[in-house]
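Raw coords_14.pdb, PDB, C-alpha atoms:
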ATOM      1  CA  MET A  98      14.245 -10.232   8.272
ATOM      2  CA  ALA A  99      14.842  -6.667   9.477
ATOM      3  CA  VAL A 100      14.153  -3.746   7.152
ATOM      4  CA  THR A 101      14.050  -0.038   7.836
ATOM      5  CA  ILE A 102      11.055   2.247   7.761
ATOM      6  CA  LYS A 103      12.676   3.927   4.754
ATOM      7  CA  ASP A 104      12.139   0.686   2.826
ATOM      8  CA  PHE A 105       8.391   0.916   3.465
ATOM      9  CA  ALA A 106       8.039   4.619   2.752
ATOM     10  CA  VAL A 107       8.673   4.413  -1.009
ATOM     11  CA  GLY A 108       5.766   5.287  -3.294
ATOM     12  CA  ARG A 109       2.476   7.157  -3.055
ATOM     13  CA  LYS A 110       0.060   5.909  -0.433
ATOM     14  CA  THR A 111      -3.617   6.658   0.099
ATOM     15  CA  PHE A 112      -5.289   6.509   3.505
ATOM     16  CA  PHE A 113      -9.039   6.396   4.026
ATOM     17  CA  ILE A 114      -9.814   7.877   7.439
ATOM     18  CA  THR A 115     -12.656   6.250   9.435
ATOM     19  CA  PRO A 116     -14.386   4.742   6.353
ATOM     20  CA  ASP A 117     -17.969   3.470   6.395
ATOM     21  CA  LEU A 118     -17.376  -0.265   5.961
ATOM     22  CA  SER A 119     -20.986  -0.879   4.972
ATOM     23  CA  LEU A 120     -20.419   1.277   1.873
ATOM     24  CA  PHE A 121     -16.668   0.805   1.443
ATOM     25  CA  PRO A 122     -15.604  -2.723   2.570
ATOM     26  CA  GLU A 123     -11.973  -3.722   3.030
ATOM     27  CA  ASN A 124     -12.001  -6.125   0.069
ATOM     28  CA  PHE A 125     -12.085  -3.032  -2.186
ATOM     29  CA  LEU A 126      -8.516  -2.286  -1.045
ATOM     30  CA  GLU A 127      -7.377  -5.673  -2.308
ATOM     31  CA  GLU A 128      -8.752  -4.902  -5.756
ATOM     32  CA  PHE A 129      -7.158  -1.447  -5.711
ATOM     33  CA  PHE A 130      -3.811  -3.102  -4.912
ATOM     34  CA  ALA A 131      -4.154  -5.127  -8.120
ATOM     35  CA  LEU A 132      -4.549  -1.837 -10.019
ATOM     36  CA  GLY A 133      -1.412  -0.399  -8.438
ATOM     37  CA  PHE A 134      -3.069   1.743  -5.752
ATOM     38  CA  GLU A 135      -1.534   1.259  -2.317
ATOM     39  CA  CYS A 136      -4.395   2.057   0.054
ATOM     40  CA  TYR A 137      -5.022   1.570   3.759
ATOM     41  CA  PHE A 138      -7.781   2.203   6.284
ATOM     42  CA  VAL A 139      -7.195   4.343   9.368
ATOM     43  CA  GLU A 140      -9.695   3.493  12.077
ATOM     44  CA  ASN A 141     -10.725   5.523  15.092
ATOM     45  CA  LEU A 142      -8.972   3.728  17.963
ATOM     46  CA  LYS A 143      -9.869   3.987  21.630
ATOM     47  CA  THR A 144      -6.235   4.007  22.771
ATOM     48  CA  ILE A 145      -4.715   6.397  20.213
ATOM     49  CA  LEU A 146      -6.059   9.770  19.136
ATOM     50  CA  LEU A 147      -6.824  10.058  15.434
ATOM     51  CA  GLU A 148      -4.600  13.125  15.243
ATOM     52  CA  GLU A 149      -1.670  11.097  16.610
ATOM     53  CA  GLN A 150      -2.209   8.391  13.985
ATOM     54  CA  ILE A 151      -2.234  10.941  11.181
ATOM     55  CA  GLU A 152       0.867  12.713  12.503
ATOM     56  CA  ALA A 153       2.655   9.349  12.594
ATOM     57  CA  ILE A 154       1.638   8.653   8.988
ATOM     58  CA  VAL A 155       2.826  12.072   7.820
ATOM     59  CA  SER A 156       6.124  11.683   9.693
ATOM     60  CA  VAL A 157       6.920   8.462   7.833
ATOM     61  CA  PHE A 158       5.401   8.743   4.352
ATOM     62  CA  GLN A 159       6.433  11.614   2.108
ATOM     63  CA  ASP A 160       3.787  11.184  -0.614
ATOM     64  CA  VAL A 161       0.380  10.942   1.041
ATOM     65  CA  ILE A 162      -3.284  11.272   0.073
ATOM     66  CA  LEU A 163      -5.868  11.365   2.877
ATOM     67  CA  PHE A 164      -9.611  10.895   2.350
ATOM     68  CA  PHE A 165     -11.783  11.724   5.371
ATOM     69  CA  ASN A 166     -15.213  10.204   5.897
ATOM     70  CA  ILE A 167     -16.930  13.302   7.299
ATOM     71  CA  ASP A 168     -20.076  11.307   8.179
ATOM     72  CA  PHE A 169     -18.161   9.525  10.932
ATOM     73  CA  ASN A 170     -18.847  11.128  14.299
ATOM     74  CA  ILE A 171     -15.989  11.475  16.786
ATOM     75  CA  PRO A 172     -16.789  13.460  19.946
ATOM     76  CA  GLY A 173     -14.772  16.663  20.043
ATOM     77  CA  ILE A 174     -13.880  16.656  16.340
ATOM     78  CA  ASN A 175     -15.314  19.104  13.842
ATOM     79  CA  TRP A 176     -14.141  17.815  10.481
ATOM     80  CA  TYR A 177     -13.865  21.225   8.843
ATOM     81  CA  ALA A 178     -11.715  22.609  11.672
ATOM     82  CA  PHE A 179      -9.721  19.365  11.928
ATOM     83  CA  ILE A 180      -8.887  19.281   8.206
ATOM     84  CA  LYS A 181      -8.206  23.033   8.105
ATOM     85  CA  ASN A 182      -5.677  22.718  10.929
ATOM     86  CA  LEU A 183      -4.053  19.675   9.313
ATOM     87  CA  GLN A 184      -3.829  21.395   5.942
ATOM     88  CA  GLU A 185      -2.221  24.512   7.462
ATOM     89  CA  LYS A 186       0.271  22.376   9.374
ATOM     90  CA  HIS A 187       1.075  20.066   6.434
ATOM     91  CA  PRO A 188       0.388  21.905   3.147
ATOM     92  CA  GLU A 189       2.187  19.155   1.233
ATOM     93  CA  ILE A 190      -0.583  16.624   1.974
ATOM     94  CA  PHE A 191      -3.303  15.928  -0.595
ATOM     95  CA  ILE A 192      -6.705  15.806   1.120
ATOM     96  CA  GLY A 193     -10.192  14.789   0.008
ATOM     97  CA  VAL A 194     -13.477  14.125   1.810
ATOM     98  CA  MET A 195     -16.140  11.445   1.443
ATOM     99  CA  PHE A 196     -19.781  11.420   2.454
ATOM    100  CA  VAL A 197     -22.851   9.349   1.703
ATOM    101  CA  LYS A 198     -25.251  10.609  -0.943
ATOM    102  CA  ARG A 199     -27.410  13.528   0.219
ATOM    103  CA  PRO A 200     -31.074  13.447  -0.876
ATOM    104  CA  ASP A 201     -31.130  17.236  -0.891
ATOM    105  CA  ARG A 202     -28.895  18.566  -3.649
ATOM    106  CA  GLU A 203     -28.529  21.871  -1.835
ATOM    107  CA  VAL A 204     -26.885  20.097   1.094
ATOM    108  CA  LYS A 205     -24.408  18.470  -1.285
ATOM    109  CA  ASN A 206     -23.663  21.821  -2.913
ATOM    110  CA  ARG A 207     -23.028  23.453   0.474
ATOM    111  CA  LEU A 208     -20.609  20.672   1.451
ATOM    112  CA  GLU A 209     -18.725  20.987  -1.827
ATOM    113  CA  LYS A 210     -18.492  24.765  -1.446
ATOM    114  CA  LEU A 211     -17.307  24.423   2.153
ATOM    115  CA  PHE A 212     -14.508  21.952   1.429
ATOM    116  CA  ASN A 213     -13.630  22.564  -2.218
ATOM    117  CA  TYR A 214     -13.779  26.342  -2.331
ATOM    118  CA  ASP A 215     -13.684  27.712   1.215
ATOM    119  CA  LEU A 216     -11.098  25.237   2.476
ATOM    120  CA  GLY A 217      -9.468  24.471  -0.879
ATOM    121  CA  ILE A 218      -8.820  20.752  -0.463
ATOM    122  CA  LYS A 219      -6.893  19.268  -3.391
ATOM    123  CA  CYS A 220      -8.663  15.925  -3.937
ATOM    124  CA  GLY A 221     -12.250  17.089  -3.899
ATOM    125  CA  CYS A 222     -15.514  15.806  -2.423
ATOM    126  CA  VAL A 223     -16.564  12.217  -3.124
ATOM    127  CA  GLN A 224     -20.243  11.377  -2.769
ATOM    128  CA  LEU A 225     -20.818   7.668  -2.183
ATOM    129  CA  GLU A 226     -23.942   5.767  -3.186
ATOM    130  CA  TYR A 227     -25.995   3.500  -0.915
ATOM    131  CA  GLN A 228     -25.001   0.494  -3.089
ATOM    132  CA  ARG A 229     -21.480  -0.617  -2.292
ATOM    133  CA  ASN A 230     -20.842  -2.052  -5.772
ATOM    134  CA  ALA A 231     -21.366   1.377  -7.282
ATOM    135  CA  ASN A 232     -18.914   2.820  -4.782
ATOM    136  CA  PHE A 233     -16.062   0.639  -6.029
ATOM    137  CA  TRP A 234     -16.151   2.397  -9.398
ATOM    138  CA  ILE A 235     -16.628   5.815  -7.814
ATOM    139  CA  ILE A 236     -13.576   5.385  -5.595
ATOM    140  CA  GLN A 237     -11.502   3.828  -8.380
ATOM    141  CA  LYS A 238     -12.302   6.801 -10.590
ATOM    142  CA  ILE A 239     -11.258   9.288  -7.903
ATOM    143  CA  LEU A 240      -8.008   7.388  -7.319
ATOM    144  CA  PHE A 241      -7.195   7.607 -11.029
ATOM    145  CA  ALA A 242      -8.152  11.286 -11.122
ATOM    146  CA  ASN A 243      -5.797  12.072  -8.224
ATOM    147  CA  GLN A 244      -2.952   9.949  -9.651
ATOM    148  CA  ALA A 245      -2.894   7.818  -6.510
ATOM    149  CA  GLN A 246      -0.904   5.173  -8.377
ATOM    150  CA  GLY A 247       2.158   7.422  -8.439
ATOM    151  CA  ARG A 248       4.936   6.211 -10.724
ATOM    152  CA  ARG A 249       4.344   2.521 -10.114
ATOM    153  CA  LYS A 250       2.269   0.092 -12.125
ATOM    154  CA  THR A 251       2.509  -2.716  -9.562
ATOM    155  CA  ILE A 252       2.923  -2.686  -5.791
ATOM    156  CA  ARG A 253       6.046  -4.302  -4.367
ATOM    157  CA  ALA A 254       5.585  -6.081  -1.025
ATOM    158  CA  LEU A 255       8.574  -6.620   1.255
ATOM    159  CA  CYS A 256       8.657 -10.267   2.279
ATOM    160  CA  THR A 257       8.909 -12.014   5.619
ATOM    161  CA  ARG A 258      10.850 -15.200   6.374
ATOM    162  CA  ALA A 259       7.726 -17.138   5.404
ATOM    163  CA  TYR A 260       8.250 -16.227   1.721
ATOM    164  CA  THR A 261      10.787 -18.609   0.192
ATOM    165  CA  PHE A 262      11.850 -19.928  -3.209
ATOM    166  CA  SER A 263      13.730 -22.890  -4.654
ATOM    167  CA  PHE A 264      14.854 -23.894  -8.158
ATOM    168  CA  GLU A 265      17.529 -25.706 -10.134
ATOM    169  CA  LEU A 266      19.893 -23.995 -12.550
ATOM    170  CA  SER A 267      22.521 -25.893 -14.577
ATOM    171  CA  GLY A 268      22.115 -28.894 -12.302
ATOM    172  CA  GLN A 269      22.657 -26.860  -9.126
ATOM    173  CA  ALA A 270      19.944 -26.367  -6.475
ATOM    174  CA  TYR A 271      19.256 -22.912  -5.041
ATOM    175  CA  ASP A 272      16.895 -21.719  -2.325
ATOM    176  CA  GLY A 273      16.390 -18.793  -0.005
ATOM    177  CA  THR A 274      14.054 -16.055   1.221
ATOM    178  CA  LEU A 275      12.447 -13.575  -1.151
ATOM    179  CA  GLN A 276      13.336  -9.908  -0.734
ATOM    180  CA  ASP A 277      10.076  -8.656  -2.243
ATOM    181  CA  ILE A 278       7.262  -9.775  -4.514
ATOM    182  CA  SER A 279       4.541  -8.246  -6.694
ATOM    183  CA  LEU A 280       2.031  -9.627  -9.180
ATOM    184  CA  SER A 281       4.650  -9.213 -11.930
ATOM    185  CA  HIS A 282       8.120  -9.432 -10.323
ATOM    186  CA  PHE A 283      10.083 -10.805  -7.397
ATOM    187  CA  SER A 284      13.621 -10.440  -6.109
ATOM    188  CA  PHE A 285      16.070 -12.086  -3.754
ATOM    189  CA  ILE A 286      19.607 -11.472  -2.524
ATOM    190  CA  TYR A 287      22.294 -14.099  -3.069
ATOM    191  CA  PRO A 288      26.015 -14.151  -2.252
ATOM    192  CA  LYS A 289      28.230 -12.910  -5.067
ATOM    193  CA  ASP A 290      29.689 -15.690  -7.261
ATOM    194  CA  LYS A 291      27.450 -18.309  -5.598
ATOM    195  CA  MET A 292      24.981 -18.245  -8.487
ATOM    196  CA  ILE A 293      26.125 -17.817 -12.078
ATOM    197  CA  ILE A 294      23.311 -16.500 -14.257
ATOM    198  CA  ASN A 295      23.211 -14.245 -17.298
ATOM    199  CA  SER A 296      20.967 -11.254 -17.834
ATOM    200  CA  TYR A 297      17.615 -12.238 -19.386
ATOM    201  CA  GLU A 298      18.296 -15.907 -18.715
ATOM    202  CA  LYS A 299      15.152 -17.928 -18.068
ATOM    203  CA  ILE A 300      14.700 -20.216 -15.078
ATOM    204  CA  ASP A 301      12.051 -22.925 -15.359
ATOM    205  CA  ASN A 302       9.754 -24.222 -12.667
ATOM    206  CA  ILE A 303      10.632 -22.071  -9.667
ATOM    207  CA  HIS A 304       8.830 -23.231  -6.511
ATOM    208  CA  PHE A 305       7.456 -20.535  -4.190
ATOM    209  CA  HIS A 306       6.279 -21.083  -0.629
ATOM    210  CA  LEU A 307       4.425 -17.902   0.286
ATOM    211  CA  LYS A 308       3.143 -18.194   3.843
ATOM    212  CA  GLY A 309       1.104 -21.310   3.117
ATOM    213  CA  LEU A 310       0.505 -20.590  -0.571
ATOM    214  CA  LEU A 311       2.384 -22.876  -2.959
ATOM    215  CA  ILE A 312       2.843 -21.773  -6.560
ATOM    216  CA  ARG A 313       5.219 -22.544  -9.436
ATOM    217  CA  SER A 314       6.286 -20.275 -12.247
ATOM    218  CA  ASP A 315       8.993 -19.667 -14.811
ATOM    219  CA  ALA A 316      10.852 -16.360 -14.606
ATOM    220  CA  VAL A 317      13.507 -14.332 -16.414
ATOM    221  CA  LEU A 318      16.311 -12.325 -14.823
ATOM    222  CA  ILE A 319      15.895  -8.653 -15.750
ATOM    223  CA  MET A 320      18.327  -6.888 -13.410
ATOM    224  CA  GLN A 321      21.193  -7.418 -10.988
ATOM    225  CA  ARG A 322      22.586  -4.939  -8.490
ATOM    226  CA  HIS A 323      25.639  -5.473  -6.294
ATOM    227  CA  ILE A 324      25.111  -4.839  -2.579
ATOM    228  CA  GLY A 325      28.442  -5.277  -0.810
ATOM    229  CA  GLU A 326      29.358  -8.953  -1.040
ATOM    230  CA  ASP A 327      25.879  -9.890  -2.263
ATOM    231  CA  VAL A 328      23.813  -9.443  -5.407
ATOM    232  CA  LEU A 329      20.167  -8.374  -5.634
ATOM    233  CA  ASN A 330      18.515 -10.397  -8.420
ATOM    234  CA  VAL A 331      15.257  -9.069  -9.898
ATOM    235  CA  PHE A 332      13.079 -11.451 -11.944
ATOM    236  CA  ALA A 333       9.926 -11.053 -14.003
ATOM    237  CA  PHE A 334       7.323 -13.827 -13.817
ATOM    238  CA  LEU A 335       6.531 -15.691 -17.051
ATOM    239  CA  ASP A 336       3.217 -17.440 -17.709
ATOM    240  CA  GLU A 337       2.717 -20.774 -19.485
ATOM    241  CA  ASN A 338       2.919 -19.013 -22.850
ATOM    242  CA  GLY A 339       6.226 -17.335 -22.054
ATOM    243  CA  MET A 340       4.586 -13.929 -21.675
ATOM    244  CA  ASN A 341       5.370 -11.534 -18.830
ATOM    245  CA  GLY A 342       3.231 -12.134 -15.759
ATOM    246  CA  LEU A 343       1.855 -14.962 -13.673
ATOM    247  CA  THR A 344      -0.583 -17.587 -14.907
ATOM    248  CA  GLY A 345      -4.114 -16.313 -14.308
ATOM    249  CA  ARG A 346      -5.069 -18.708 -11.501
ATOM    250  CA  TYR A 347      -1.825 -18.058  -9.626
ATOM    251  CA  LYS A 348      -2.342 -14.328  -9.966
ATOM    252  CA  GLN A 349      -5.792 -14.659  -8.382
ATOM    253  CA  LEU A 350      -4.304 -16.665  -5.514
ATOM    254  CA  LEU A 351      -1.376 -14.325  -4.984
ATOM    255  CA  LEU A 352      -3.372 -11.081  -4.860
ATOM    256  CA  PRO A 353      -5.007 -11.632  -1.426
ATOM    257  CA  ASN A 354      -1.708 -13.034  -0.167
ATOM    258  CA  ILE A 355       0.187  -9.872  -1.141
ATOM    259  CA  TYR A 356      -2.563  -7.645   0.240
ATOM    260  CA  GLU A 357      -2.412  -9.430   3.604
ATOM    261  CA  LEU A 358       1.389  -9.123   3.617
ATOM    262  CA  MET A 359       1.276  -5.399   2.836
ATOM    263  CA  SER A 360      -1.456  -4.744   5.381
ATOM    264  CA  THR A 361       0.395  -6.639   8.110
ATOM    265  CA  ASN A 362       3.653  -4.844   7.318
ATOM    266  CA  TYR A 363       1.872  -1.487   7.488
ATOM    267  CA  LYS A 364       0.285  -2.276  10.860
ATOM    268  CA  ASN A 365       3.621  -3.444  12.282
ATOM    269  CA  LEU A 366       5.310  -0.314  10.986
ATOM    270  CA  MET A 367       2.741   2.042  12.505
ATOM    271  CA  ALA A 368       2.830   0.216  15.830
ATOM    272  CA  LYS A 369       6.607   0.701  15.893
ATOM    273  CA  VAL A 370       6.391   4.399  14.985
ATOM    274  CA  LEU A 371       3.574   5.159  17.429
ATOM    275  CA  GLN A 372       5.425   3.423  20.250
ATOM    276  CA  THR A 373       8.587   5.360  19.411
ATOM    277  CA  ARG A 374       6.668   8.622  19.437
ATOM    278  CA  LYS A 375       5.124   7.704  22.782
ATOM    279  CA  ASP A 376       8.465   6.774  24.339
ATOM    280  CA  ASP A 377      10.327   9.809  23.010
ATOM    281  CA  ASN A 378       7.395  12.281  23.049
ATOM    282  CA  ASN A 379       8.316  12.909  19.428
ATOM    283  CA  ILE A 380       9.490  11.037  16.369
ATOM    284  CA  PRO A 381      13.314  10.813  16.333
ATOM    285  CA  SER A 382      15.298  12.476  13.551
ATOM    286  CA  ASP A 383      16.562   9.105  12.362
ATOM    287  CA  VAL A 384      13.075   7.587  11.975
ATOM    288  CA  GLU A 385      13.932   6.279   8.507
ATOM    289  CA  ASP A 386      16.595   4.069  10.064
ATOM    290  CA  LEU A 387      14.221   2.429  12.551
ATOM    291  CA  GLU A 388      14.098  -1.297  11.885
ATOM    292  CA  ILE A 389      10.944  -3.377  11.562
ATOM    293  CA  ASN A 390      11.367  -7.105  12.059
ATOM    294  CA  LEU A 391       9.453  -9.086   9.440
TER     295      LEU A 391
END

Represent the structure of the file as structure tokens.
Amino acid sequence: MAVTIKDFAVGRKTFFITPDLSLFPENFLEEFFALGFECYFVENLKTILLEEQIEAIVSVFQDVILFFNIDFNIPGINWYAFIKNLQEKHPEIFIGVMFVKRPDREVKNRLEKLFNYDLGIKCGCVQLEYQRNANFWIIQKILFANQAQGRRKTIRALCTRAYTFSFELSGQAYDGTLQDISLSHFSFIYPKDKMIINSYEKIDNIHFHLKGLLIRSDAVLIMQRHIGEDVLNVFAFLDENGMNGLTGRYKQLLLPNIYELMSTNYKNLMAKVLQTRKDDNNIPSDVEDLEINL
């Protein structure tokens, strides 16, 4: 399935630049996804300058928060000068910094003065503890404080061909590929007049094949939108009690699946954008129309 970069760019996204994985492991991002925070790591790559990665991110995503791990050493980079230059070039970006706990409180105070007051970053200084479990709550708190969730309560993942559904309605069988999925909703596109269903009609026992994960759930149609000769159908999951949402065990299984899907989509997108920038020496004006094959 081919989608455009514009499809990916919706919503607020937070990027943690060169994080310390011993204090901030990747599984934290999965849990943040469940809370509605769309977060990604940006690593220091040997083949691509960090500045190029950040410029690619800013060229694609319009609502961005960047947190820099200033304890990470990259030859030739002074974090204060780097962030100052980035902030002057892109004043619309929200920036914060992270560092491991300083035993000397005066050192911490000097860092906070340097970045918070002298430089005027918008998302503040985050001091991490030596215990990673404590850091989960510290980072979650800072995400809430900086409204990193944006307007969304759940994150919608665009699906690949490996995400399919099937069900029966009024004795007729239907199947196809999902358009997107979250922990609360899913959608698919179907030809107009090929499926007759009323608003808020319930469908029982829908089978989902999600890249190796098999789940079943009831769902209710909450919205339809005509797209040319097709119709986009948006459903809300229903649990075994008829309440909105997936059954608990399915939700636990789906979370890492959605995180992997989102992470893979993001990496594919950035590879496409970085290659385009390399080929054209600049991002083209129609970047939003670039297609990513899922």

| Residues within 10 Å of Ala368 of chain A, all atoms listed in the file, excluding chain neighbours under 5 positions, as a list of chain:residue names | A:Gln150, A:Ala153, A:Asn362, A:Tyr363, A:Thr373, A:Arg374, A:Ile389

| message | Using only C-alpha atoms, which protein or nucleic acid residues come within 10 Å of Pro116 of chain A? Drop anything in the same chain fewer than 2 positions from it, and give the result as a PyMOL selection string. | response | chain A and resi 112-114+118-123+138-141+164-169+195-196

Return as JSON the centre and edge lengths, in Å with one decimal, of the box along x, y and z that encloses every atom of segment 240-244 of chain A in the file, padded by 8 Å per side.
{"center_x": -5.6, "center_y": 9.7, "center_z": -9.2, "size_x": 21.2, "size_y": 20.7, "size_z": 19.8}

| Residues around (15.0, -23.0, -8.7), cut-off 12 Å, counting all atoms listed in the file - what are they as a ChimeraX atom specification? | /A:261-273,292,294,299-305,313-317

Output file for the residues above (C-alpha atoms, as an mmCIF file, in the coordinates of the input):
data_model
loop_
_atom_site.group_PDB
_atom_site.id
_atom_site.type_symbol
_atom_site.label_atom_id
_atom_site.label_comp_id
_atom_site.auth_asym_id
_atom_site.auth_seq_id
_atom_site.Cartn_x
_atom_site.Cartn_y
_atom_site.Cartn_z
ATOM 1 C CA THR A 261 10.787 -18.609 0.192
ATOM 2 C CA PHE A 262 11.850 -19.928 -3.209
ATOM 3 C CA SER A 263 13.730 -22.890 -4.654
ATOM 4 C CA PHE A 264 14.854 -23.894 -8.158
ATOM 5 C CA GLU A 265 17.529 -25.706 -10.134
ATOM 6 C CA LEU A 266 19.893 -23.995 -12.550
ATOM 7 C CA SER A 267 22.521 -25.893 -14.577
ATOM 8 C CA GLY A 268 22.115 -28.894 -12.302
ATOM 9 C CA GLN A 269 22.657 -26.860 -9.126
ATOM 10 C CA ALA A 270 19.944 -26.367 -6.475
ATOM 11 C CA TYR A 271 19.256 -22.912 -5.041
ATOM 12 C CA ASP A 272 16.895 -21.719 -2.325
ATOM 13 C CA GLY A 273 16.390 -18.793 -0.005
ATOM 14 C CA MET A 292 24.981 -18.245 -8.487
ATOM 15 C CA ILE A 294 23.311 -16.500 -14.257
ATOM 16 C CA LYS A 299 15.152 -17.928 -18.068
ATOM 17 C CA ILE A 300 14.700 -20.216 -15.078
ATOM 18 C CA ASP A 301 12.051 -22.925 -15.359
ATOM 19 C CA ASN A 302 9.754 -24.222 -12.667
ATOM 20 C CA ILE A 303 10.632 -22.071 -9.667
ATOM 21 C CA HIS A 304 8.830 -23.231 -6.511
ATOM 22 C CA PHE A 305 7.456 -20.535 -4.190
ATOM 23 C CA ARG A 313 5.219 -22.544 -9.436
ATOM 24 C CA SER A 314 6.286 -20.275 -12.247
ATOM 25 C CA ASP A 315 8.993 -19.667 -14.811
ATOM 26 C CA ALA A 316 10.852 -16.360 -14.606
ATOM 27 C CA VAL A 317 13.507 -14.332 -16.414
#

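You can rank A:Val204, A:Gly173, A:Met320, A:Asp117 by their closest distance to Tyr227 of chain A using all atoms listed in the file, and at the top of that list sits A:Asp117.
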
I'd like to see the residues matched by the PyMOL selection byres ((chain A and resi 181) around 12) on this file, and ideally I'd get them as a tab-separated table (two decimals) with C-alpha atoms, in the frame of the given file.
chain	number	residue	atom	x	y	z
A	174	ILE	CA	-13.88	16.66	16.34
A	175	ASN	CA	-15.31	19.10	13.84
A	176	TRP	CA	-14.14	17.82	10.48
A	177	TYR	CA	-13.86	21.22	8.84
A	178	ALA	CA	-11.72	22.61	11.67
A	179	PHE	CA	-9.72	19.36	11.93
A	180	ILE	CA	-8.89	19.28	8.21
A	182	ASN	CA	-5.68	22.72	10.93
A	183	LEU	CA	-4.05	19.68	9.31
A	184	GLN	CA	-3.83	21.40	5.94
A	185	GLU	CA	-2.22	24.51	7.46
A	186	LYS	CA	0.27	22.38	9.37
A	187	HIS	CA	1.08	20.07	6.43
A	188	PRO	CA	0.39	21.90	3.15
A	190	ILE	CA	-0.58	16.62	1.97
A	192	ILE	CA	-6.70	15.81	1.12
A	193	GLY	CA	-10.19	14.79	0.01
A	211	LEU	CA	-17.31	24.42	2.15
A	212	PHE	CA	-14.51	21.95	1.43
A	213	ASN	CA	-13.63	22.56	-2.22
A	215	ASP	CA	-13.68	27.71	1.22
A	216	LEU	CA	-11.10	25.24	2.48
A	217	GLY	CA	-9.47	24.47	-0.88
A	218	ILE	CA	-8.82	20.75	-0.46

| request: Around the point (5.6, -8.7, -10.9) in the file's coordinates, collect all residues with an atom within 8 Å, using all atoms listed in the file, and return them as a PyMOL selection string. | output: chain A and resi 251+253+278-283+333-334+342-343

| Could you name the residues that touch Gly309 of chain A at 12 Å or less, counting only C-alpha atoms, but leaving out those on the same chain fewer than 5 positions away, as JSON, numbers by chain? | {"A": [258, 259, 260, 261, 350, 351, 354]}

| Distance in Å - atom CA of Glu298 of chain A versus atom CA of Asn330 of chain A |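 About the pair atom CA of Glu298 of chain A and atom CA of Asn330 of chain A: they are 11.7 Å apart.
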
| field | Counting only C-alpha atoms, the residue of A:Leu275, A:Ile162, A:Ile235, A:Arg202 that sits nearest Cys220 of chain A | value |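 Of A:Leu275, A:Ile162, A:Ile235, A:Arg202, the one nearest Cys220 of chain A, counting only C-alpha atoms, is A:Ile162.
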
| query | In Å, with one decimal, what is the gap from atom CA of Ser360 of chain A to atom CA of Leu255 of chain A? | reply |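 Here the two named atoms are 11.0 Å from each other.
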
| query | Suppose you want the space between atom CA of Cys256 of chain A and atom CA of Val370 of chain A; what is it in Å? | reply |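 Atom CA of Val370 of chain A lies at a distance of 19.5 Å from atom CA of Cys256 of chain A.
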
| Evaluating the PyMOL selection byres ((chain A and resi 106) around 12) on the displayed file yields which residues, as a PyMOL selection string? | chain A and resi 100-105+107-110+135+154-161+253-255+362-363+366-367+384-387

| said: What's around Lys250 of chain A at 10 Å? Count only C-alpha atoms, leave out sequence neighbours fewer than 5 positions away in its own chain, and write the answer as a VMD selection string. | reply: chain A and resid 130 to 134 281

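Closest approach to Gln224 of chain A among A:Thr344, A:Asn206, A:Asn295, A:Thr257 is made by A:Asn206 (distances from all atoms listed in the file).
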
| request: Kindly indicate which residue among A:Ile319, A:Leu126, A:Ile252, A:Leu142 lies nearest to Ser296 of chain A, using all atoms listed in the file for the distances. | output: A:Ile319

| request: Can you work out which one of A:Lys143, A:Lys289, A:Arg199, A:Arg248 has the shortest atom-to-atom distance to Leu329 of chain A, counting only C-alpha atoms? | output: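 Nearest candidate to Leu329 of chain A out of A:Lys143, A:Lys289, A:Arg199, A:Arg248: A:Lys289.
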
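Closest to Thr111 of chain A among A:Tyr137, A:Phe241, A:Phe285, A:Phe233 is A:Tyr137, based on all atoms listed in the file.
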